[in-house]
Amino acid sequence: MVIELLKKLISIDSSTKEGANRAADYCGEWLEGQGLPIIKLENNGFKMIVCEIGYGDKTVIFNGHVDVVSGQPNQFIPIEMDGRLYGRGSADMKAGVAAMMCAMVALKNQDLKTKIQLQIVTDEEIGGVNCSGYLAKNGFLGDFVICSEPTQLGIAHQAKGVLRLDINIKGKSAHGSRPWEGINAIEKAYRLYEQILELPFSKESTSYYLCPSINLAKIQAGIAYNIVPDECLLCIDIRFLPGQNKENILEQIEKLGEGNIIVKMTAEPIDTPIDHPFLAMLGPIVEKHTRKSAKFFGQHGTADTVFFAKLGIPAIEFGPCGANWHGDEEYVECESVYLYQKMLIDFVNAIEAK
């Protein structure tokens with residue numbers, strides 16, 4: 001059932017708001033068709049589906065997104081070949097969503113003393129503020145969150161934080177044939193970028209990360225070949241480590257004394273303790289189904305986990321195996337989707353047994 005459901009989800013081009021909403025609507029209709037209760041929500045035109053089973057004081061959240069990055073028309077035609085299912089969103093992350101939906105069906109008739117809340121959202125790829133951010137702000141909270149991003153069945157209990165900056169650098173214009181009479185703002189901006197790479201925060205490391213990620217994302221400057229540019233906008237995407245402080249990073253950059261700094265976006269790192277009781281339950285379940293030691297690791301990117309973690313709710317990324325998400329040959333390994341569904345069911349049953 002799970003692979004057929006996944007094929008249907010892949011066939012819905014959900015790379016636009018309208019398409020993602022169609023995918024959410026389909027998920028809601030499918031869940032209702034399986035006898036599950038749903039709540040339909042909408043915020044700023046983005047739709048969400050919430051489905052909850054069980055009762056009691058504890059709530060575990062299964063969170064997944066059905067929006068995808070854009071793709072070619074043929075990528076929305078699912079192709080199953082050699083144990084893999086190809087298609088846009090197959091790995092990121094409609095496989096996780098399909099497995100979570102089928103796990104809810106498998107669990108629905110059990111007398112669960114823990115609430116299991118499935119959240120299906122439509123804007124993770126553009127930041128998640130309208131959906132998971134909205135849900136977190138409006139009380140759709142729990143004691144533990146699993147976002148079913150593709151993790152090769154590993155458990156990502158850490159993730160880097162985000163600090164995105166625009167830095168406006170001023171120079172002095174002059175004729176391009178006499179650049180020594182001006183001050184080239186592009187050259188100043190690049191020197192500043194090189195200085196940022198040498199700041200103390202950029203040299204720090206942890207057991208999972210060699211260093212923060214510092215991406216020179218955009219440089220906007222210049223109007224003509226024969227004019228020394230007198231202004232340059234430097235856009236930098238910093239992914240900082242658990243244990244680092246974004247205010248301290250910003251202070252280090254400000255002390256360089258160059259340019260007007262505008263903070264465009266921030267997100268805190270994820271650092272769910274590896275000894276959390278729910279992780280202690282999940283690790284052996286992964287080992288049982290994969291027949292190898294569970295891999296605990298840290299993600300370089302960010303996910304909808306951030307909206308829950310900033311409220312103090314332990315959150316992880318945990319999902320099926322695949323490759324090339326956001327690429328031309330995106331695929332998910334079918335066997336991993338079956339295993340993932342079983343792991344979710346076993347995880348809920350392990351909580352119930354406590």
# chains A, B, ... in the order shown; residues from 1 in each chain; ligands from 1
>>> residues_around(residues="Leu234 (chain A)", least_positions_apart="3", cutoff="7 Å", atoms="only C-alpha atoms", output="ChimeraX atom specification")
/A:166-168,189,218-220
>>> write_last_selection(atoms="N, CA and C atoms", output="short mmCIF file (atom, residue, chain, number, x, y, z; two decimals), in the first residue's frame")
data_model
loop_
_atom_site.label_atom_id
_atom_site.label_comp_id
_atom_site.auth_asym_id
_atom_site.auth_seq_id
_atom_site.Cartn_x
_atom_site.Cartn_y
_atom_site.Cartn_z
N ASP A 166 22.91 40.18 4.95
CA ASP A 166 23.23 41.08 3.84
C ASP A 166 24.15 42.16 4.40
N ILE A 167 25.28 42.35 3.75
CA ILE A 167 26.23 43.38 4.20
C ILE A 167 26.45 44.36 3.05
N ASN A 168 26.10 45.61 3.30
CA ASN A 168 26.24 46.65 2.28
C ASN A 168 27.58 47.35 2.46
N ALA A 189 34.40 44.16 -0.42
CA ALA A 189 33.46 43.14 0.03
C ALA A 189 34.13 41.77 0.08
N LYS A 218 25.65 35.49 -2.71
CA LYS A 218 25.40 36.47 -3.77
C LYS A 218 26.30 37.68 -3.59
N ILE A 219 26.74 38.26 -4.70
CA ILE A 219 27.38 39.57 -4.72
C ILE A 219 26.64 40.41 -5.75
N GLN A 220 26.11 41.52 -5.33
CA GLN A 220 25.38 42.41 -6.23
C GLN A 220 26.09 43.74 -6.27
#
>>> closest_atom_pairs(of="region 250-342 of chain A", to="region 71-79 of chain A", cutoff="9 Å", atoms="only C-alpha atoms", output="JSON lines")
{"residue": "A:His326", "atom": "CA", "partner": "A:Gly71", "partner_atom": "CA", "distance": 8.2}
{"residue": "A:Gly327", "atom": "CA", "partner": "A:Gly71", "partner_atom": "CA", "distance": 8.4}
{"residue": "A:Asp328", "atom": "CA", "partner": "A:Gly71", "partner_atom": "CA", "distance": 7.7}
{"residue": "A:Glu329", "atom": "CA", "partner": "A:Gln75", "partner_atom": "CA", "distance": 8.3}
{"residue": "A:Glu330", "atom": "CA", "partner": "A:Gln75", "partner_atom": "CA", "distance": 8.5}
>>> closest_residue(among="A:Ile120, A:Pro212, A:Ala174, A:Glu268", to="Glu247 (chain A)", atoms="only C-alpha atoms")
A:Glu268
>>> residues_around(residues="Gly283 (chain A)", least_positions_apart="3", cutoff="10 Å", atoms="only C-alpha atoms", output="PyMOL selection string")
chain A and resi 154-155+274+278-280+286-288+293-296+347
>>> write_last_selection(atoms="C-alpha atoms", output="PDB file, in the first residue's frame")
ATOM      1  CA  GLY A 154      19.954   7.338  10.406  1.00  0.00           C
ATOM      2  CA  ILE A 155      18.878   9.502  13.329  1.00  0.00           C
ATOM      3  CA  ILE A 274      21.424  11.560  22.343  1.00  0.00           C
ATOM      4  CA  PHE A 278      12.689   8.322  23.086  1.00  0.00           C
ATOM      5  CA  LEU A 279      16.017   8.064  21.241  1.00  0.00           C
ATOM      6  CA  ALA A 280      16.984   5.238  23.577  1.00  0.00           C
ATOM      7  CA  VAL A 286      16.626   0.834  13.827  1.00  0.00           C
ATOM      8  CA  GLU A 287      19.210  -1.835  14.652  1.00  0.00           C
ATOM      9  CA  LYS A 288      16.548  -4.561  14.633  1.00  0.00           C
ATOM     10  CA  SER A 293      24.230  -0.196  14.561  1.00  0.00           C
ATOM     11  CA  ALA A 294      21.995   2.835  14.485  1.00  0.00           C
ATOM     12  CA  LYS A 295      23.755   5.880  13.086  1.00  0.00           C
ATOM     13  CA  PHE A 296      23.364   9.087  15.073  1.00  0.00           C
ATOM     14  CA  PHE A 347       8.491   2.989  17.970  1.00  0.00           C
TER      15      PHE A 347
END
>>> atom_distance(atom1="CA of Asp13 (chain A)", atom2="CA of Gly87 (chain A)")
10.3 Å
>>> select_by_dssp(residues="region 109-238 of chain A", states="strand (DSSP E or B)", output="PyMOL selection string")
chain A and resi 115-121+144-147+155-159+161-170+172+175+183+213-221+227+231-238
>>> write_last_selection(atoms="N, CA and C atoms", output="CSV table (one decimal), in the first residue's frame")
chain,number,residue,atom,x,y,z
A,115,LYS,N,-0.8,9.9,22.4
A,115,LYS,CA,-1.4,10.6,21.2
A,115,LYS,C,-0.3,10.6,20.1
A,116,ILE,N,-0.7,10.2,18.9
A,116,ILE,CA,0.2,10.2,17.8
A,116,ILE,C,-0.5,11.2,16.8
A,117,GLN,N,0.2,12.3,16.5
A,117,GLN,CA,-0.3,13.4,15.7
A,117,GLN,C,0.5,13.5,14.4
A,118,LEU,N,-0.2,13.2,13.3
A,118,LEU,CA,0.5,13.4,12.0
A,118,LEU,C,0.2,14.8,11.5
A,119,GLN,N,1.2,15.5,11.1
A,119,GLN,CA,1.1,16.8,10.5
A,119,GLN,C,1.6,16.8,9.1
A,120,ILE,N,0.8,17.1,8.1
A,120,ILE,CA,1.2,17.2,6.7
A,120,ILE,C,1.2,18.6,6.3
A,121,VAL,N,2.3,19.2,5.9
A,121,VAL,CA,2.5,20.6,5.6
A,121,VAL,C,2.9,20.8,4.1
A,144,PHE,N,7.7,15.0,21.6
A,144,PHE,CA,8.8,14.5,20.7
A,144,PHE,C,8.3,14.7,19.3
A,145,VAL,N,9.2,15.1,18.4
A,145,VAL,CA,8.8,15.3,17.0
A,145,VAL,C,9.8,14.5,16.1
A,146,ILE,N,9.2,13.8,15.1
A,146,ILE,CA,10.0,13.2,14.0
A,146,ILE,C,9.6,13.9,12.7
A,147,CYS,N,10.6,14.5,12.1
A,147,CYS,CA,10.4,15.0,10.7
A,147,CYS,C,11.0,14.0,9.8
A,155,ILE,N,19.6,8.6,12.4
A,155,ILE,CA,18.9,9.5,13.3
A,155,ILE,C,19.6,10.8,13.5
A,156,ALA,N,19.1,11.9,12.9
A,156,ALA,CA,19.8,13.2,12.9
A,156,ALA,C,19.2,13.9,14.1
A,157,HIS,N,19.9,13.9,15.2
A,157,HIS,CA,19.5,14.5,16.4
A,157,HIS,C,20.1,15.9,16.6
A,158,GLN,N,21.0,16.3,15.7
A,158,GLN,CA,21.5,17.6,15.7
A,158,GLN,C,21.4,18.2,14.3
A,159,ALA,N,21.4,19.5,14.2
A,159,ALA,CA,21.4,20.2,12.9
A,159,ALA,C,22.0,21.6,13.1
A,161,GLY,N,22.5,25.6,12.9
A,161,GLY,CA,21.6,26.8,12.9
A,161,GLY,C,21.9,27.6,11.7
A,162,VAL,N,21.1,28.7,11.5
A,162,VAL,CA,21.2,29.5,10.3
A,162,VAL,C,21.3,31.0,10.7
A,163,LEU,N,22.2,31.7,10.0
A,163,LEU,CA,22.4,33.1,10.2
A,163,LEU,C,22.6,33.7,8.8
A,164,ARG,N,21.6,34.3,8.2
A,164,ARG,CA,21.8,34.9,6.8
A,164,ARG,C,21.9,36.4,6.9
A,165,LEU,N,23.0,36.9,6.3
A,165,LEU,CA,23.3,38.3,6.4
A,165,LEU,C,23.4,38.9,5.0
A,166,ASP,N,22.9,40.2,4.9
A,166,ASP,CA,23.2,41.1,3.8
A,166,ASP,C,24.1,42.2,4.4
A,167,ILE,N,25.3,42.4,3.8
A,167,ILE,CA,26.2,43.4,4.2
A,167,ILE,C,26.5,44.4,3.1
A,168,ASN,N,26.1,45.6,3.3
A,168,ASN,CA,26.2,46.7,2.3
A,168,ASN,C,27.6,47.4,2.5
A,169,ILE,N,28.4,47.3,1.4
A,169,ILE,CA,29.8,47.8,1.5
A,169,ILE,C,29.8,49.1,0.6
A,170,LYS,N,30.4,50.1,1.1
A,170,LYS,CA,30.5,51.4,0.4
A,170,LYS,C,31.9,51.5,-0.2
A,172,LYS,N,34.1,54.0,-3.6
A,172,LYS,CA,34.1,55.4,-4.2
A,172,LYS,C,34.2,55.2,-5.7
A,175,HIS,N,36.5,56.5,-12.9
A,175,HIS,CA,36.6,56.0,-14.2
A,175,HIS,C,37.3,54.7,-14.2
A,183,ILE,N,37.6,53.7,-5.0
A,183,ILE,CA,37.6,52.6,-4.0
A,183,ILE,C,36.6,51.5,-4.5
A,213,SER,N,29.4,26.1,8.3
A,213,SER,CA,29.4,26.3,6.8
A,213,SER,C,29.2,27.8,6.6
A,214,ILE,N,30.0,28.4,5.7
A,214,ILE,CA,29.9,29.8,5.4
A,214,ILE,C,29.9,29.9,3.8
A,215,ASN,N,28.7,30.2,3.3
A,215,ASN,CA,28.5,30.3,1.9
A,215,ASN,C,28.4,31.7,1.4
A,216,LEU,N,29.3,32.1,0.5
A,216,LEU,CA,29.1,33.4,-0.2
A,216,LEU,C,28.1,33.3,-1.2
A,217,ALA,N,26.8,33.6,-0.9
A,217,ALA,CA,25.7,33.2,-1.8
A,217,ALA,C,25.5,34.2,-2.9
A,218,LYS,N,25.6,35.5,-2.7
A,218,LYS,CA,25.4,36.5,-3.8
A,218,LYS,C,26.3,37.7,-3.6
A,219,ILE,N,26.7,38.3,-4.7
A,219,ILE,CA,27.4,39.6,-4.7
A,219,ILE,C,26.6,40.4,-5.8
A,220,GLN,N,26.1,41.5,-5.3
A,220,GLN,CA,25.4,42.4,-6.2
A,220,GLN,C,26.1,43.7,-6.3
A,221,ALA,N,26.6,44.1,-7.4
A,221,ALA,CA,27.4,45.3,-7.6
A,221,ALA,C,27.7,45.6,-9.0
A,227,ILE,N,33.2,51.8,-15.0
A,227,ILE,CA,33.0,52.5,-13.7
A,227,ILE,C,33.5,51.7,-12.5
A,231,GLU,N,29.4,50.6,-4.6
A,231,GLU,CA,28.6,50.0,-3.6
A,231,GLU,C,28.5,48.5,-4.0
A,232,CYS,N,28.5,47.6,-2.9
A,232,CYS,CA,28.4,46.2,-3.1
A,232,CYS,C,27.6,45.6,-2.0
A,233,LEU,N,26.7,44.7,-2.4
A,233,LEU,CA,25.9,44.0,-1.5
A,233,LEU,C,26.4,42.5,-1.4
A,234,LEU,N,26.8,42.2,-0.2
A,234,LEU,CA,27.4,40.9,0.1
A,234,LEU,C,26.4,40.0,0.8
A,235,CYS,N,26.0,38.9,0.3
A,235,CYS,CA,25.0,38.0,0.9
A,235,CYS,C,25.6,36.7,1.4
A,236,ILE,N,25.6,36.5,2.7
A,236,ILE,CA,26.3,35.3,3.2
A,236,ILE,C,25.3,34.5,4.0
A,237,ASP,N,25.4,33.2,3.8
A,237,ASP,CA,24.6,32.2,4.5
A,237,ASP,C,25.5,31.4,5.4
A,238,ILE,N,25.4,31.6,6.7
A,238,ILE,CA,26.2,30.9,7.7
A,238,ILE,C,25.4,29.8,8.4
>>> residues_around(residues="Ser148 (chain A)", least_positions_apart="3", cutoff="12 Å", atoms="only C-alpha atoms", output="ChimeraX atom specification")
/A:61-66,91-101,118-121,124,145,151-156,303-305,315-321,337,340-341,343-344
>>> residues_around(residues="Arg22 (chain A)", least_positions_apart="4", cutoff="9 Å", atoms="only C-alpha atoms", output="PyMOL selection string")
chain A and resi 12-14+17-18+26-27+47
>>> closest_residue(among="A:Thr290, A:Ser90, A:Ser177, A:Thr206", to="Cys334 (chain A)", atoms="only C-alpha atoms")
A:Ser90
>>> closest_residue(among="A:Asn349, A:Asn21, A:Gln252, A:Gln299", to="Glu149 (chain A)", atoms="only C-alpha atoms")
A:Gln299
>>> closest_residue(among="A:Leu141, A:Ala323, A:Ile223, A:Val306", to="Gly127 (chain A)", atoms="only C-alpha atoms")
A:Val306
>>> residues_around(residues="Val69 (chain A)", least_positions_apart="4", cutoff="8 Å", atoms="only C-alpha atoms", output="mmCIF file with C-alpha atoms, in the first residue's frame")
data_model
loop_
_atom_site.group_PDB
_atom_site.id
_atom_site.type_symbol
_atom_site.label_atom_id
_atom_site.label_comp_id
_atom_site.auth_asym_id
_atom_site.auth_seq_id
_atom_site.Cartn_x
_atom_site.Cartn_y
_atom_site.Cartn_z
ATOM 1 C CA SER A 15 6.293 22.460 -6.673
ATOM 2 C CA ARG A 88 10.533 14.450 -7.823
ATOM 3 C CA GLY A 89 9.834 14.297 -4.099
ATOM 4 C CA GLU A 125 10.981 24.003 0.994
ATOM 5 C CA HIS A 326 16.588 18.390 -5.558
#
>>> closest_residue(among="A:Thr272, A:Ser173, A:Thr266, A:Gln34", to="Thr302 (chain A)", atoms="only C-alpha atoms")
A:Thr266
>>> select_by_dssp(residues="region 103-213 of chain A", states="helix (DSSP H, G or I)", output="PyMOL selection string")
chain A and resi 103-107+124-126+132-137+179-181+185-196+200-203
>>> write_last_selection(atoms="N, CA and C atoms", output="tab-separated table (two decimals), in the first residue's frame")
chain	number	residue	atom	x	y	z
A	103	ALA	N	1.52	4.14	8.57
A	103	ALA	CA	1.72	3.77	9.97
A	103	ALA	C	0.50	4.17	10.80
A	104	MET	N	-0.07	5.33	10.50
A	104	MET	CA	-1.27	5.77	11.22
A	104	MET	C	-2.42	4.78	10.99
A	105	VAL	N	-2.54	4.29	9.76
A	105	VAL	CA	-3.59	3.31	9.46
A	105	VAL	C	-3.37	2.04	10.27
A	106	ALA	N	-2.11	1.59	10.33
A	106	ALA	CA	-1.80	0.36	11.05
A	106	ALA	C	-2.04	0.49	12.55
A	107	LEU	N	-1.93	1.71	13.07
A	107	LEU	CA	-2.05	1.93	14.52
A	107	LEU	C	-3.45	2.34	14.96
A	124	GLU	N	7.58	23.60	3.50
A	124	GLU	CA	8.90	23.40	4.11
A	124	GLU	C	10.02	23.88	3.22
A	125	GLU	N	9.89	23.65	1.91
A	125	GLU	CA	10.98	24.00	0.99
A	125	GLU	C	11.21	25.51	0.89
A	126	ILE	N	10.24	26.32	1.34
A	126	ILE	CA	10.44	27.78	1.33
A	126	ILE	C	10.50	28.35	2.74
A	132	SER	N	4.39	24.52	9.47
A	132	SER	CA	4.90	24.01	10.74
A	132	SER	C	5.10	25.13	11.75
A	133	GLY	N	5.57	26.28	11.28
A	133	GLY	CA	5.70	27.43	12.18
A	133	GLY	C	4.36	27.85	12.74
A	134	TYR	N	3.35	27.84	11.90
A	134	TYR	CA	1.99	28.19	12.31
A	134	TYR	C	1.44	27.16	13.30
A	135	LEU	N	1.64	25.88	13.00
A	135	LEU	CA	1.15	24.82	13.88
A	135	LEU	C	1.79	24.93	15.26
A	136	ALA	N	3.10	25.15	15.29
A	136	ALA	CA	3.79	25.25	16.58
A	136	ALA	C	3.28	26.44	17.39
A	137	LYS	N	3.02	27.55	16.71
A	137	LYS	CA	2.54	28.75	17.41
A	137	LYS	C	1.11	28.59	17.90
A	179	PRO	N	41.32	53.16	-11.98
A	179	PRO	CA	40.72	52.59	-10.78
A	179	PRO	C	41.38	53.05	-9.49
A	180	TRP	N	42.66	53.49	-9.57
A	180	TRP	CA	43.34	53.94	-8.37
A	180	TRP	C	42.75	55.23	-7.79
A	181	GLU	N	41.93	55.91	-8.59
A	181	GLU	CA	41.28	57.13	-8.10
A	181	GLU	C	39.98	56.83	-7.33
A	185	ALA	N	34.24	48.77	-4.37
A	185	ALA	CA	33.42	48.16	-3.32
A	185	ALA	C	33.40	46.64	-3.41
A	186	ILE	N	33.52	46.09	-4.62
A	186	ILE	CA	33.55	44.64	-4.76
A	186	ILE	C	34.80	44.07	-4.10
A	187	GLU	N	35.94	44.72	-4.34
A	187	GLU	CA	37.19	44.26	-3.73
A	187	GLU	C	37.11	44.35	-2.20
A	188	LYS	N	36.52	45.42	-1.70
A	188	LYS	CA	36.35	45.56	-0.25
A	188	LYS	C	35.47	44.45	0.30
A	189	ALA	N	34.40	44.16	-0.42
A	189	ALA	CA	33.46	43.14	0.03
A	189	ALA	C	34.13	41.77	0.08
A	190	TYR	N	34.92	41.46	-0.93
A	190	TYR	CA	35.55	40.14	-0.94
A	190	TYR	C	36.61	40.03	0.16
A	191	ARG	N	37.31	41.12	0.41
A	191	ARG	CA	38.28	41.09	1.53
A	191	ARG	C	37.56	40.85	2.84
A	192	LEU	N	36.37	41.44	3.00
A	192	LEU	CA	35.59	41.23	4.21
A	192	LEU	C	35.19	39.76	4.31
A	193	TYR	N	34.75	39.17	3.22
A	193	TYR	CA	34.39	37.75	3.22
A	193	TYR	C	35.58	36.89	3.66
A	194	GLU	N	36.75	37.18	3.15
A	194	GLU	CA	37.94	36.42	3.53
A	194	GLU	C	38.26	36.59	5.01
A	195	GLN	N	38.01	37.78	5.56
A	195	GLN	CA	38.22	38.00	6.99
A	195	GLN	C	37.22	37.20	7.83
A	196	ILE	N	35.99	37.13	7.35
A	196	ILE	CA	34.97	36.35	8.07
A	196	ILE	C	35.39	34.88	8.16
A	200	PRO	N	37.23	33.60	14.76
A	200	PRO	CA	37.29	32.45	15.67
A	200	PRO	C	36.13	31.47	15.52
A	201	PHE	N	34.90	31.98	15.34
A	201	PHE	CA	33.75	31.07	15.27
A	201	PHE	C	33.87	30.10	14.11
A	202	SER	N	34.51	30.54	13.00
A	202	SER	CA	34.60	29.73	11.79
A	202	SER	C	35.58	28.57	11.93
A	203	LYS	N	36.39	28.59	12.99
A	203	LYS	CA	37.40	27.54	13.21
A	203	LYS	C	36.96	26.51	14.23
>>> residues_around(residues="Tyr55 (chain A)", least_positions_apart="3", cutoff="9 Å", atoms="only C-alpha atoms", output="list of chain:residue names")
A:Glu52, A:Lys58, A:Thr59, A:Asp111, A:Leu112, A:Lys113, A:Thr114, A:Lys115, A:Ile116
>>> write_last_selection(atoms="C-alpha atoms", output="mmCIF file, in the first residue's frame")
data_model
loop_
_atom_site.group_PDB
_atom_site.id
_atom_site.type_symbol
_atom_site.label_atom_id
_atom_site.label_comp_id
_atom_site.auth_asym_id
_atom_site.auth_seq_id
_atom_site.Cartn_x
_atom_site.Cartn_y
_atom_site.Cartn_z
ATOM 1 C CA GLU A 52 -4.456 12.453 15.598
ATOM 2 C CA LYS A 58 2.045 12.351 25.950
ATOM 3 C CA THR A 59 2.019 13.319 22.275
ATOM 4 C CA ASP A 111 -5.909 1.314 22.291
ATOM 5 C CA LEU A 112 -3.043 3.828 22.322
ATOM 6 C CA LYS A 113 -2.358 5.627 25.570
ATOM 7 C CA THR A 114 -0.085 8.050 23.720
ATOM 8 C CA LYS A 115 -1.378 10.570 21.203
ATOM 9 C CA ILE A 116 0.179 10.231 17.761
#
>>> closest_residue(among="A:Thr16, A:Tyr338, A:Gln244, A:Asp67", to="Met1 (chain A)", atoms="only C-alpha atoms")
A:Tyr338
>>> atom_distance(atom1="CA of Glu198 (chain A)", atom2="CA of Lys160 (chain A)")
19.1 Å
